[in-house]
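Contents: one structure, followed by commentary.
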Amino acid sequence: MKITITGIAALVLLLSFTINDTQLIYPGYFPEPQYNFTKNPLDSSTIELGRNLFYSPVLSSNNTISCASCHSPYNAFSHTDHQLSHGIHDQVGTRNAPALFNLAWQKKFMWDGSINHLDMQPLAALSHPKEMGETIQSVVKKLNASAYYRNFFTRHLPTVLLRGKKY
Ligand code: HEC
């Protein structure tokens, strides 16, 4: 059984907007989003999975750090009380975690614009040795070993399993 983390992308796209089931609602004076939703359509199950994984330490190698450890919802999804972000084993990174909002309208990500596709962004944190220090292969194993996530995918995301969608 193949399990992927597609939901994370859906979640970060939606952090600053009202979710009306599967519709992205934004002000009329906004331009069209940069993100191509045809390849990763919004649906409530994917969004729920993304929200769940965003707050879950399962994405880090020692199961202690989640996306929200550095992107705290209390601080507009940034890490305001720390100059530099902290990852696994109390390691301190070289940059501060930026606030996350309006990401569907961004063409580039990171302070230096080094990432040019939102779907790739979670992999950067996940694989960074000082942030989450994990691999996708290991995350897939952990998710498969979890009765909770197996059940979640089987019940809510059977189409993702069938498509075997992966990055
Ligand atoms: C250990 C702290 C840490 C963790 C954990 C972390 N991030 Fe980040 N995040 C950062 C830092 C630091 C940057 C800026 C890095 C840079 O510019 O080099 C960043 C940048 C980003 C950006 C780019 C924002 C922009 O406006 O360019 C996104 C999106 C993002 N993170 C999402 C995530 C997601 C999703 C996860 C979980 C899979 C995650 N982050 C986990 C610290 C973290």
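Residue names in the structure tokens use chain letters A, B, ... in the order shown, residue numbers from 1 in each chain, and ligand numbers from 1 in the order shown.
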
Quick one: DSSP strand (DSSP E or B) residues in chain A, as a PyMOL selection string? chain A and resi 19-20+23-24+72+78+86+92+109+115

Could you dump the residues just selected with N, CA and C atoms as a JSON list (two decimals), in the first residue's frame?
```
[["chain", "number", "residue", "atom", "x", "y", "z"],
["A", 19, "ILE", "N", -12.42, 27.93, 3.99],
["A", 19, "ILE", "CA", -12.62, 26.72, 3.21],
["A", 19, "ILE", "C", -14.12, 26.45, 3.13],
["A", 20, "ASN", "N", -14.64, 26.45, 1.93],
["A", 20, "ASN", "CA", -16.05, 26.13, 1.75],
["A", 20, "ASN", "C", -16.09, 24.77, 1.09],
["A", 23, "GLN", "N", -14.03, 24.46, -2.15],
["A", 23, "GLN", "CA", -13.85, 25.69, -2.93],
["A", 23, "GLN", "C", -12.89, 26.64, -2.25],
["A", 24, "LEU", "N", -11.95, 27.17, -2.99],
["A", 24, "LEU", "CA", -11.04, 28.18, -2.45],
["A", 24, "LEU", "C", -11.68, 29.55, -2.65],
["A", 72, "SER", "N", 4.29, 28.11, 13.82],
["A", 72, "SER", "CA", 3.26, 28.05, 14.84],
["A", 72, "SER", "C", 2.02, 28.86, 14.45],
["A", 78, "SER", "N", 4.67, 31.28, 11.89],
["A", 78, "SER", "CA", 6.11, 31.57, 11.89],
["A", 78, "SER", "C", 6.66, 31.13, 13.25],
["A", 86, "HIS", "N", 14.51, 25.77, 15.30],
["A", 86, "HIS", "CA", 15.09, 24.62, 16.00],
["A", 86, "HIS", "C", 14.50, 23.34, 15.44],
["A", 92, "VAL", "N", 20.04, 23.90, 15.87],
["A", 92, "VAL", "CA", 19.59, 25.23, 15.46],
["A", 92, "VAL", "C", 19.97, 25.45, 14.00],
["A", 109, "PHE", "N", 9.70, 30.11, -3.27],
["A", 109, "PHE", "CA", 9.61, 29.90, -1.84],
["A", 109, "PHE", "C", 11.01, 29.92, -1.22],
["A", 115, "ILE", "N", 13.23, 27.44, -4.01],
["A", 115, "ILE", "CA", 12.25, 26.40, -4.37],
["A", 115, "ILE", "C", 11.19, 27.03, -5.26]]
```

Show me which residues are within 7 Å of ligand 1 counting only C-alpha atoms and all ligand atoms, and format the list as a VMD selection string. chain A and resid 8 to 9 12 54 59 65 to 71 84 to 87 93 95 to 100 103 108 to 113 118 121 to 123 125 to 126 130 to 132

Keeping N, CA and C atoms for every residue in the selection just given, could you write it to a file as a tab-separated table (two decimals), in the first residue's frame?
```tsv
chain	number	residue	atom	x	y	z
A	8	ILE	N	-0.35	17.76	2.64
A	8	ILE	CA	0.38	18.90	3.20
A	8	ILE	C	0.30	20.08	2.26
A	9	ALA	N	0.50	19.81	0.97
A	9	ALA	CA	0.44	20.91	0.01
A	9	ALA	C	-0.92	21.56	0.04
A	12	VAL	N	-1.16	23.84	3.23
A	12	VAL	CA	-0.43	25.11	3.26
A	12	VAL	C	-1.03	26.11	2.28
A	54	PHE	N	0.53	18.21	9.19
A	54	PHE	CA	1.22	19.46	9.51
A	54	PHE	C	1.51	19.53	11.02
A	59	LEU	N	6.48	13.10	10.82
A	59	LEU	CA	7.30	13.46	9.67
A	59	LEU	C	8.78	13.69	10.01
A	65	ILE	N	9.46	16.53	16.00
A	65	ILE	CA	9.26	17.85	15.39
A	65	ILE	C	8.18	17.77	14.31
A	66	SER	N	7.24	18.68	14.38
A	66	SER	CA	6.22	18.77	13.32
A	66	SER	C	6.44	20.07	12.55
A	67	CYS	N	5.73	20.23	11.45
A	67	CYS	CA	5.80	21.50	10.71
A	67	CYS	C	5.44	22.65	11.67
A	68	ALA	N	4.44	22.42	12.50
A	68	ALA	CA	3.95	23.47	13.39
A	68	ALA	C	4.94	23.81	14.50
A	69	SER	N	5.96	22.95	14.73
A	69	SER	CA	6.97	23.31	15.73
A	69	SER	C	7.66	24.61	15.32
A	70	CYS	N	7.88	24.78	14.02
A	70	CYS	CA	8.54	25.99	13.52
A	70	CYS	C	7.54	26.98	12.94
A	71	HIS	N	6.44	26.48	12.40
A	71	HIS	CA	5.42	27.36	11.82
A	71	HIS	C	4.20	27.32	12.75
A	84	LEU	N	16.45	31.84	15.15
A	84	LEU	CA	16.66	30.78	14.16
A	84	LEU	C	15.80	29.59	14.55
A	85	SER	N	15.39	28.81	13.54
A	85	SER	CA	14.49	27.70	13.86
A	85	SER	C	15.24	26.52	14.49
A	86	HIS	N	14.51	25.77	15.30
A	86	HIS	CA	15.09	24.62	16.00
A	86	HIS	C	14.50	23.34	15.44
A	87	GLY	N	15.35	22.36	15.13
A	87	GLY	CA	14.87	21.10	14.59
A	87	GLY	C	15.14	19.94	15.53
A	93	GLY	N	18.98	25.87	13.22
A	93	GLY	CA	19.21	26.07	11.80
A	93	GLY	C	19.90	27.39	11.50
A	95	ARG	N	18.36	29.81	9.44
A	95	ARG	CA	17.39	30.84	9.06
A	95	ARG	C	16.15	30.77	9.96
A	96	ASN	N	15.39	31.84	9.90
A	96	ASN	CA	14.14	31.91	10.67
A	96	ASN	C	12.99	31.38	9.82
A	97	ALA	N	12.03	30.74	10.47
A	97	ALA	CA	10.87	30.20	9.74
A	97	ALA	C	9.90	31.34	9.40
A	98	PRO	N	9.65	31.57	8.10
A	98	PRO	CA	8.75	32.67	7.72
A	98	PRO	C	7.30	32.33	8.01
A	99	ALA	N	6.46	33.37	8.12
A	99	ALA	CA	5.02	33.15	8.23
A	99	ALA	C	4.52	32.50	6.94
A	100	LEU	N	3.47	31.70	7.05
A	100	LEU	CA	2.93	31.01	5.86
A	100	LEU	C	1.54	31.57	5.55
A	103	LEU	N	0.18	31.27	-0.01
A	103	LEU	CA	1.22	30.52	-0.72
A	103	LEU	C	0.79	30.11	-2.13
A	108	LYS	N	7.81	31.59	-5.97
A	108	LYS	CA	9.05	31.06	-5.39
A	108	LYS	C	8.92	31.01	-3.89
A	109	PHE	N	9.70	30.11	-3.27
A	109	PHE	CA	9.61	29.90	-1.84
A	109	PHE	C	11.01	29.92	-1.22
A	110	MET	N	11.06	30.05	0.11
A	110	MET	CA	12.29	30.23	0.89
A	110	MET	C	12.74	31.68	0.74
A	111	TRP	N	13.58	32.12	1.70
A	111	TRP	CA	14.03	33.52	1.72
A	111	TRP	C	14.77	33.86	0.42
A	112	ASP	N	15.49	32.88	-0.14
A	112	ASP	CA	16.25	33.17	-1.37
A	112	ASP	C	15.54	32.67	-2.63
A	113	GLY	N	14.29	32.25	-2.51
A	113	GLY	CA	13.54	31.80	-3.69
A	113	GLY	C	14.08	30.53	-4.32
A	118	LEU	N	5.43	24.64	-4.93
A	118	LEU	CA	4.94	24.43	-3.57
A	118	LEU	C	4.93	22.96	-3.16
A	121	GLN	N	8.11	21.94	-1.41
A	121	GLN	CA	8.52	22.64	-0.19
A	121	GLN	C	8.55	21.74	1.06
A	122	PRO	N	7.51	20.94	1.31
A	122	PRO	CA	7.56	20.10	2.53
A	122	PRO	C	8.74	19.14	2.53
A	123	LEU	N	9.17	18.70	1.33
A	123	LEU	CA	10.28	17.76	1.28
A	123	LEU	C	11.58	18.41	1.76
A	125	ALA	N	11.99	20.62	4.24
A	125	ALA	CA	12.06	20.56	5.71
A	125	ALA	C	12.22	19.11	6.16
A	126	LEU	N	11.45	18.24	5.52
A	126	LEU	CA	11.45	16.83	5.91
A	126	LEU	C	12.85	16.22	5.82
A	130	LYS	N	19.01	19.28	9.89
A	130	LYS	CA	18.82	20.03	11.14
A	130	LYS	C	17.34	20.34	11.41
A	131	GLU	N	16.47	20.01	10.47
A	131	GLU	CA	15.06	20.29	10.70
A	131	GLU	C	14.30	19.01	11.07
A	132	MET	N	13.94	18.18	10.07
A	132	MET	CA	13.23	16.95	10.43
A	132	MET	C	14.07	15.69	10.20
```

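Nearest to Tyr149 of chain A of all the residues A:Thr22, A:Asn52, A:Asn63, A:Thr38 is A:Asn52, based on only C-alpha atoms.
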
So what do you get for atom CA of Glu134 of chain A versus atom CA of Arg150 of chain A, distance-wise?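 One can read the atom CA of Glu134 of chain A to atom CA of Arg150 of chain A distance as 19.9 Å.
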
Would you mind listing what lies within 7 Å of Thr64 of chain A as number ranges by chain, with only C-alpha atoms counted and same-chain residues fewer than 4 positions away left out? A: 57, 60, 88

Among chain A, which ones does DSSP place in alpha helix (DSSP H), written as an MDAnalysis selection string? chainID A and resid 6:14 44:54 67:70 121:127 136:145 147:156 158:163
